[in-house]
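For reference, start_25.cif is printed below; it contains mmCIF, C-alpha atoms and all ligand atoms.
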```
data_upload
#
loop_
_atom_site.label_atom_id
_atom_site.label_comp_id
_atom_site.auth_asym_id
_atom_site.auth_seq_id
_atom_site.Cartn_x
_atom_site.Cartn_y
_atom_site.Cartn_z
CA MET L 1 -90.40 122.75 -66.31
CA LYS L 2 -89.12 125.68 -64.32
CA LYS L 3 -85.47 125.37 -63.33
CA SER L 4 -83.90 127.17 -60.42
CA ALA L 5 -80.32 128.20 -60.02
CA GLY L 6 -77.89 128.35 -57.12
CA TRP L 7 -79.55 128.01 -53.76
CA MET L 8 -83.09 128.99 -54.73
CA PRO L 9 -85.67 126.19 -54.54
CA THR L 10 -88.36 125.95 -57.19
CA ALA L 11 -91.13 125.94 -54.56
CA TYR L 12 -91.31 126.33 -50.81
CA PHE L 13 -93.88 124.69 -48.53
CA HIS L 14 -94.01 124.65 -44.74
CA SER L 15 -94.22 120.86 -44.55
CA ILE L 16 -94.02 117.85 -46.85
CA TYR L 17 -97.31 116.78 -45.25
CA SER L 18 -99.14 119.85 -46.54
CA ILE L 19 -98.33 119.29 -50.23
CA ASP L 20 -101.05 118.09 -52.60
CA PHE L 21 -99.19 115.37 -54.50
CA GLU L 22 -102.26 114.34 -56.43
CA ARG L 23 -102.09 117.70 -58.12
CA LEU L 24 -98.42 117.17 -58.96
CA TYR L 25 -99.05 113.68 -60.27
CA ARG L 26 -101.78 115.02 -62.58
CA ARG L 27 -99.22 117.48 -63.96
CA GLY L 28 -96.92 114.68 -65.02
CA PHE L 29 -94.59 114.01 -62.09
CA ILE L 30 -94.03 110.31 -61.44
CA GLY L 31 -90.82 110.16 -59.38
CA VAL L 32 -89.98 111.74 -56.02
CA ILE L 33 -86.49 111.96 -54.52
CA LEU L 34 -86.86 112.55 -50.79
CA ASP L 35 -84.65 113.57 -47.94
CA ILE L 36 -85.41 111.81 -44.63
CA ASP L 37 -84.02 113.68 -41.63
CA ASN L 38 -86.04 116.75 -40.70
CA THR L 39 -88.03 116.40 -43.91
CA LEU L 40 -90.18 113.36 -43.02
CA VAL L 41 -89.29 112.85 -39.35
CA PRO L 42 -87.13 114.61 -36.72
CA HIS L 43 -83.41 114.02 -37.20
CA GLY L 44 -82.55 110.36 -36.48
CA ALA L 45 -86.15 109.30 -35.71
CA ALA L 46 -87.62 106.03 -36.97
CA ALA L 47 -90.30 105.93 -39.66
CA ASP L 48 -93.38 106.84 -37.65
CA ARG L 49 -96.96 106.21 -38.65
CA ARG L 50 -97.34 109.61 -40.32
CA ALA L 51 -94.26 109.03 -42.51
CA ARG L 52 -95.29 105.48 -43.42
CA GLU L 53 -98.83 106.53 -44.32
CA PHE L 54 -97.51 109.45 -46.34
CA MET L 55 -95.23 107.17 -48.36
CA GLU L 56 -98.13 104.80 -48.92
CA TYR L 57 -100.18 107.77 -50.17
CA LEU L 58 -97.45 108.61 -52.70
CA HIS L 59 -97.22 105.02 -53.92
CA ASP L 60 -101.02 104.70 -54.15
CA LEU L 61 -101.12 107.80 -56.32
CA GLY L 62 -98.66 106.13 -58.68
CA PHE L 63 -95.38 107.76 -57.67
CA ASP L 64 -92.13 105.88 -57.50
CA THR L 65 -89.90 107.08 -54.65
CA CYS L 66 -86.24 107.04 -53.71
CA PHE L 67 -84.75 108.31 -50.45
CA LEU L 68 -81.55 110.24 -51.00
CA SER L 69 -79.59 110.67 -47.80
CA ASN L 70 -76.06 111.63 -46.81
CA ASN L 71 -76.50 109.44 -43.75
CA ASP L 72 -75.18 105.86 -43.59
CA ARG L 73 -76.88 102.55 -44.31
CA ASP L 74 -77.72 101.83 -40.66
CA ARG L 75 -79.86 104.94 -40.62
CA VAL L 76 -81.35 104.84 -44.10
CA ALA L 77 -81.99 101.15 -44.91
CA PRO L 78 -84.42 100.36 -42.04
CA PHE L 79 -86.28 103.60 -42.70
CA ALA L 80 -86.62 102.82 -46.39
CA ARG L 81 -87.72 99.26 -45.66
CA ALA L 82 -90.46 100.48 -43.31
CA CYS L 83 -91.66 102.83 -46.07
CA HIS L 84 -91.36 100.32 -48.93
CA SER L 85 -89.08 102.67 -50.85
CA SER L 86 -85.77 102.39 -52.62
CA TYR L 87 -82.92 104.44 -51.20
CA ILE L 88 -79.42 105.75 -51.74
CA CYS L 89 -77.33 106.37 -48.62
CA ARG L 90 -74.02 108.25 -48.30
CA ALA L 91 -75.29 110.20 -51.30
CA GLY L 92 -72.77 113.01 -50.99
CA LYS L 93 -75.41 115.68 -51.64
CA PRO L 94 -75.13 118.22 -53.23
CA SER L 95 -73.22 116.03 -55.72
CA LYS L 96 -75.28 115.25 -58.84
CA ARG L 97 -74.31 111.61 -58.74
CA GLY L 98 -76.92 110.46 -56.21
CA TYR L 99 -79.75 112.29 -57.96
CA VAL L 100 -78.85 110.71 -61.29
CA ARG L 101 -78.67 107.27 -59.67
CA ALA L 102 -82.04 107.81 -58.00
CA MET L 103 -83.64 108.66 -61.37
CA LYS L 104 -82.06 105.60 -62.94
CA ARG L 105 -83.46 103.45 -60.17
CA MET L 106 -86.97 104.86 -60.63
CA MET L 107 -86.61 104.92 -64.43
CA THR L 108 -87.61 108.59 -64.43
CA ASP L 109 -85.92 111.66 -65.88
CA ARG L 110 -85.50 115.41 -65.44
CA THR L 111 -88.97 116.15 -66.85
CA ASN L 112 -90.96 114.04 -64.37
CA THR L 113 -88.92 113.88 -61.16
CA LEU L 114 -89.21 116.10 -58.07
CA VAL L 115 -86.78 116.64 -55.19
CA ILE L 116 -87.95 117.42 -51.65
CA GLY L 117 -85.78 118.36 -48.70
CA ASP L 118 -85.26 120.70 -45.77
CA GLN L 119 -81.67 121.77 -46.43
CA ILE L 120 -80.70 124.27 -49.08
CA ILE L 121 -76.98 123.53 -49.11
CA THR L 122 -77.49 119.81 -49.69
CA ASP L 123 -80.99 118.92 -50.98
CA ILE L 124 -81.86 122.03 -52.99
CA TRP L 125 -78.42 122.93 -54.31
CA GLY L 126 -77.97 119.35 -55.54
CA ALA L 127 -81.35 119.43 -57.29
CA ASN L 128 -80.37 122.66 -59.03
CA LEU L 129 -76.99 121.25 -60.07
CA THR L 130 -78.79 118.24 -61.53
CA GLY L 131 -81.45 120.37 -63.24
CA LEU L 132 -84.37 119.04 -61.21
CA PRO L 133 -87.31 121.00 -59.78
CA SER L 134 -87.15 121.15 -55.99
CA ILE L 135 -89.44 121.73 -53.03
CA LEU L 136 -87.93 123.19 -49.88
CA VAL L 137 -89.70 122.49 -46.57
CA ASP L 138 -89.11 123.82 -43.07
CA PRO L 139 -87.13 121.48 -40.80
CA ILE L 140 -89.38 119.38 -38.54
CA ASN L 141 -87.12 119.71 -35.53
CA ARG L 142 -85.45 122.98 -34.64
CA HIS L 143 -82.97 121.37 -32.24
CA GLU L 144 -80.03 120.34 -34.36
CA GLU L 145 -76.37 119.47 -34.28
CA ILE L 146 -73.96 122.36 -34.44
CA GLN L 147 -72.77 121.73 -38.01
CA ILE L 148 -76.36 121.84 -39.21
CA VAL L 149 -77.08 124.98 -37.17
CA LEU L 150 -74.20 126.71 -38.96
CA LYS L 151 -75.66 125.79 -42.33
CA ARG L 152 -79.06 127.07 -41.19
CA ILE L 153 -77.55 130.47 -40.49
CA LEU L 154 -76.57 130.61 -44.17
CA GLU L 155 -79.99 129.30 -45.21
CA TRP L 156 -82.35 131.69 -43.43
CA PRO L 157 -81.60 134.68 -45.68
CA VAL L 158 -82.24 132.48 -48.75
CA ARG L 159 -85.57 131.34 -47.31
CA LYS L 160 -86.49 134.94 -46.58
CA VAL L 161 -85.54 136.20 -50.03
CA TYR L 162 -87.42 133.34 -51.66
CA ARG L 163 -90.58 134.05 -49.63
CA SER L 164 -90.58 137.75 -50.39
CA ARG L 165 -89.87 137.17 -54.09
CA TYR L 166 -92.20 134.25 -54.84
CA GLY L 167 -94.29 133.51 -51.75
CA MET L 168 -94.99 130.04 -50.39
CA ASN L 169 -97.11 127.12 -51.66
CA ARG L 170 -96.56 127.93 -55.33
CA TYR L 171 -97.52 124.82 -57.30
CA ASP L 172 -97.46 126.83 -60.52
CA ARG L 173 -93.71 127.32 -60.26
CA LEU L 174 -93.22 123.56 -60.42
CA TYR L 175 -94.95 123.12 -63.72
CA ALA L 176 -94.85 126.50 -65.45
CA GLU L 177 -93.11 126.38 -68.81
MG MG E 201 -82.64 116.86 -43.96
#
```
Translate this file's structure into structure tokens.
Ligand SMILES: [Mg+2]
Amino acid sequence: MKKSAGWMPTAYFHSIYSIDFERLYRRGFIGVILDIDNTLVPHGAAADRRAREFMEYLHDLGFDTCFLSNNDRDRVAPFARACHSSYICRAGKPSKRGYVRAMKRMMTDRTNTLVIGDQIITDIWGANLTGLPSILVDPINRHEEIQIVLKRILEWPVRKVYRSRYGMNRYDRLYAE
């Protein structure tokens, strides 16, 4: 499994909805740790039909899933319930602790678990600290709160460097030795 360091994701796709998870499942991944806000739906939005059907698609393929969110229970629990997924709220990303708990809950490990999120400084950095392969996606909604906008300003150069160095939609980086 390819590991990434610092702020670099392992792979970068435009949207979580454009990823071929069947291909990833065939390569041995069985657990997915997912961010919610701006990864699956716009920030603060309820689990819409697209998100619910996507989660059903993952479960039908055989994946176990766990939402990992820094948001509170009021936000995360109803969303997870609608998507029939386990969850960890107030995760304190990028702390490793939530990622390790999510793997425990899914009974998966560092060789078969993927992380997906839209924020480098929380989702991707935490995956790298934990030693997990990660997929960065573009945020669904560009209109964000000011503290997130400030983080984005730090993120754009990383996205740009990643794209010029590796390109987008690189499945091979997720399972290359
Ligand atoms: Mg997010």
Pick out the residues no farther than 8 Å from ligand MG 201 (chain E), counting only C-alpha atoms and all ligand atoms, and list them as JSON, numbers by chain. {"L": [35, 36, 37, 38, 39, 43, 69, 117, 118, 119, 123, 139]}
Those selected residues, please, written with C-alpha atoms and delivered as a short mmCIF file (atom, residue, chain, number, x, y, z; two decimals), in the frame of the given file.
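The file below, out31.cif, is the result:
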```
data_model
loop_
_atom_site.label_atom_id
_atom_site.label_comp_id
_atom_site.auth_asym_id
_atom_site.auth_seq_id
_atom_site.Cartn_x
_atom_site.Cartn_y
_atom_site.Cartn_z
CA ASP L 35 -84.65 113.57 -47.94
CA ILE L 36 -85.41 111.81 -44.63
CA ASP L 37 -84.02 113.68 -41.63
CA ASN L 38 -86.04 116.75 -40.70
CA THR L 39 -88.03 116.40 -43.91
CA HIS L 43 -83.41 114.02 -37.20
CA SER L 69 -79.59 110.67 -47.80
CA GLY L 117 -85.78 118.36 -48.70
CA ASP L 118 -85.26 120.70 -45.77
CA GLN L 119 -81.67 121.77 -46.43
CA ASP L 123 -80.99 118.92 -50.98
CA PRO L 139 -87.13 121.48 -40.80
#
```
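Close contacts of stretch 110-115 of chain L, defined as residues with an atom at most 7 Å away when counting all atoms listed in the file, with chain neighbours fewer than 3 positions off set aside, comprise Met1, Gly28, Phe29, Ile30, Gly31, Val32, Ile33, Leu34, Ala127, Gly131, Leu132, Pro133, Ser134 and Ile135 of chain L.
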Grab the residues selected above and save them as a short mmCIF file (atom, residue, chain, number, x, y, z; two decimals), in the coordinates of the input with C-alpha atoms.
```
data_model
loop_
_atom_site.label_atom_id
_atom_site.label_comp_id
_atom_site.auth_asym_id
_atom_site.auth_seq_id
_atom_site.Cartn_x
_atom_site.Cartn_y
_atom_site.Cartn_z
CA MET L 1 -90.40 122.75 -66.31
CA GLY L 28 -96.92 114.68 -65.02
CA PHE L 29 -94.59 114.01 -62.09
CA ILE L 30 -94.03 110.31 -61.44
CA GLY L 31 -90.82 110.16 -59.38
CA VAL L 32 -89.98 111.74 -56.02
CA ILE L 33 -86.49 111.96 -54.52
CA LEU L 34 -86.86 112.55 -50.79
CA ALA L 127 -81.35 119.43 -57.29
CA GLY L 131 -81.45 120.37 -63.24
CA LEU L 132 -84.37 119.04 -61.21
CA PRO L 133 -87.31 121.00 -59.78
CA SER L 134 -87.15 121.15 -55.99
CA ILE L 135 -89.44 121.73 -53.03
#
```
Nearest to L:Leu24, restricted to all atoms listed in the file and choosing among L:Phe63, L:Trp156, L:Tyr162, L:Tyr99, comes out as L:Phe63
For stretch 82-92 of chain L: contacts at 12 Å, all atoms listed in the file, fewer than 5 positions along chain excluded, given as a PDB file with C-alpha atoms, keeping the file's coordinate frame:
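In the end it all went to selection25.pdb:
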```
ATOM      1  CA  GLY L  31     -90.820 110.160 -59.380  1.00  0.00           C
ATOM      2  CA  VAL L  32     -89.980 111.740 -56.020  1.00  0.00           C
ATOM      3  CA  ILE L  33     -86.490 111.960 -54.520  1.00  0.00           C
ATOM      4  CA  LEU L  34     -86.860 112.550 -50.790  1.00  0.00           C
ATOM      5  CA  ASP L  35     -84.650 113.570 -47.940  1.00  0.00           C
ATOM      6  CA  ILE L  36     -85.410 111.810 -44.630  1.00  0.00           C
ATOM      7  CA  LEU L  40     -90.180 113.360 -43.020  1.00  0.00           C
ATOM      8  CA  ALA L  46     -87.620 106.030 -36.970  1.00  0.00           C
ATOM      9  CA  ALA L  47     -90.300 105.930 -39.660  1.00  0.00           C
ATOM     10  CA  ASP L  48     -93.380 106.840 -37.650  1.00  0.00           C
ATOM     11  CA  ARG L  49     -96.960 106.210 -38.650  1.00  0.00           C
ATOM     12  CA  ARG L  50     -97.340 109.610 -40.320  1.00  0.00           C
ATOM     13  CA  ALA L  51     -94.260 109.030 -42.510  1.00  0.00           C
ATOM     14  CA  ARG L  52     -95.290 105.480 -43.420  1.00  0.00           C
ATOM     15  CA  GLU L  53     -98.830 106.530 -44.320  1.00  0.00           C
ATOM     16  CA  PHE L  54     -97.510 109.450 -46.340  1.00  0.00           C
ATOM     17  CA  MET L  55     -95.230 107.170 -48.360  1.00  0.00           C
ATOM     18  CA  GLU L  56     -98.130 104.800 -48.920  1.00  0.00           C
ATOM     19  CA  TYR L  57    -100.180 107.770 -50.170  1.00  0.00           C
ATOM     20  CA  LEU L  58     -97.450 108.610 -52.700  1.00  0.00           C
ATOM     21  CA  HIS L  59     -97.220 105.020 -53.920  1.00  0.00           C
ATOM     22  CA  ASP L  60    -101.020 104.700 -54.150  1.00  0.00           C
ATOM     23  CA  PHE L  63     -95.380 107.760 -57.670  1.00  0.00           C
ATOM     24  CA  ASP L  64     -92.130 105.880 -57.500  1.00  0.00           C
ATOM     25  CA  THR L  65     -89.900 107.080 -54.650  1.00  0.00           C
ATOM     26  CA  CYS L  66     -86.240 107.040 -53.710  1.00  0.00           C
ATOM     27  CA  PHE L  67     -84.750 108.310 -50.450  1.00  0.00           C
ATOM     28  CA  LEU L  68     -81.550 110.240 -51.000  1.00  0.00           C
ATOM     29  CA  SER L  69     -79.590 110.670 -47.800  1.00  0.00           C
ATOM     30  CA  ASN L  70     -76.060 111.630 -46.810  1.00  0.00           C
ATOM     31  CA  ASN L  71     -76.500 109.440 -43.750  1.00  0.00           C
ATOM     32  CA  ASP L  72     -75.180 105.860 -43.590  1.00  0.00           C
ATOM     33  CA  ARG L  73     -76.880 102.550 -44.310  1.00  0.00           C
ATOM     34  CA  ASP L  74     -77.720 101.830 -40.660  1.00  0.00           C
ATOM     35  CA  ARG L  75     -79.860 104.940 -40.620  1.00  0.00           C
ATOM     36  CA  VAL L  76     -81.350 104.840 -44.100  1.00  0.00           C
ATOM     37  CA  ALA L  77     -81.990 101.150 -44.910  1.00  0.00           C
ATOM     38  CA  ARG L  97     -74.310 111.610 -58.740  1.00  0.00           C
ATOM     39  CA  GLY L  98     -76.920 110.460 -56.210  1.00  0.00           C
ATOM     40  CA  TYR L  99     -79.750 112.290 -57.960  1.00  0.00           C
ATOM     41  CA  VAL L 100     -78.850 110.710 -61.290  1.00  0.00           C
ATOM     42  CA  ARG L 101     -78.670 107.270 -59.670  1.00  0.00           C
ATOM     43  CA  ALA L 102     -82.040 107.810 -58.000  1.00  0.00           C
ATOM     44  CA  MET L 103     -83.640 108.660 -61.370  1.00  0.00           C
ATOM     45  CA  LYS L 104     -82.060 105.600 -62.940  1.00  0.00           C
ATOM     46  CA  ARG L 105     -83.460 103.450 -60.170  1.00  0.00           C
ATOM     47  CA  MET L 106     -86.970 104.860 -60.630  1.00  0.00           C
ATOM     48  CA  ILE L 121     -76.980 123.530 -49.110  1.00  0.00           C
ATOM     49  CA  THR L 122     -77.490 119.810 -49.690  1.00  0.00           C
ATOM     50  CA  ASP L 123     -80.990 118.920 -50.980  1.00  0.00           C
ATOM     51  CA  TRP L 125     -78.420 122.930 -54.310  1.00  0.00           C
ATOM     52  CA  GLY L 126     -77.970 119.350 -55.540  1.00  0.00           C
TER      53      GLY L 126
END
```
Please indicate the distance in Å from atom CA of L:Pro9 to atom CA of L:Arg159, rounded to one decimal place.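 So the answer is 8.9 Å.
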So how far away is atom CA of L:Ala5 from atom CA of L:Ser95, in Å? 14.7 Å
Where is the centre and how long are the edges: axis-aligned box on stretch 140-154 of chain L, 5 Å on each side, Å to one decimal, as JSON:
```
{"center_x": -81.1, "center_y": 125.0, "center_z": -38.2, "size_x": 26.6, "size_y": 21.2, "size_z": 21.9}
```
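In this comparison, which uses only C-alpha atoms, the residue of L:Asp138, L:Ala80, L:Tyr17, L:Leu150 approaching L:Met168 most closely is L:Asp138.
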Expressed in Å to a single decimal, how great is the separation between atom CA of L:Arg23 and atom CA of L:Tyr166? 19.6 Å
Within 9 Å of L:Glu22, counting all atoms listed in the file, which residues qualify if same-chain residues fewer than 4 places away don't, as a list in words? Arg26, Arg27, Leu58 and Leu61 of chain L
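Among L:Thr10, L:Ile120, L:Tyr171, L:Lys96, the residue with the shortest atom-to-atom distance to L:Lys151, counting only C-alpha atoms, is L:Ile120.
The smallest atom-to-atom distance between L:Tyr25 and any of L:Met8, L:Ile116, L:Gly44, L:Gly62, using only C-alpha atoms, is found for L:Gly62.
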Just checking: using all atoms listed in the file, which residue out of L:Phe79, L:Trp7, L:Tyr12, L:Tyr175 ends up closest to L:Glu155? L:Trp7
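All residues that come within 9 Å of the coordinates (-95.5, 121.7, -49.0), counting only C-alpha atoms, are given as Ala11, Tyr12, Phe13, His14, Ser15, Ile16, Tyr17, Ser18, Ile19, Asp20, Ile135, Leu136, Val137, Asp138, Met168, Asn169 and Arg170 of chain L.
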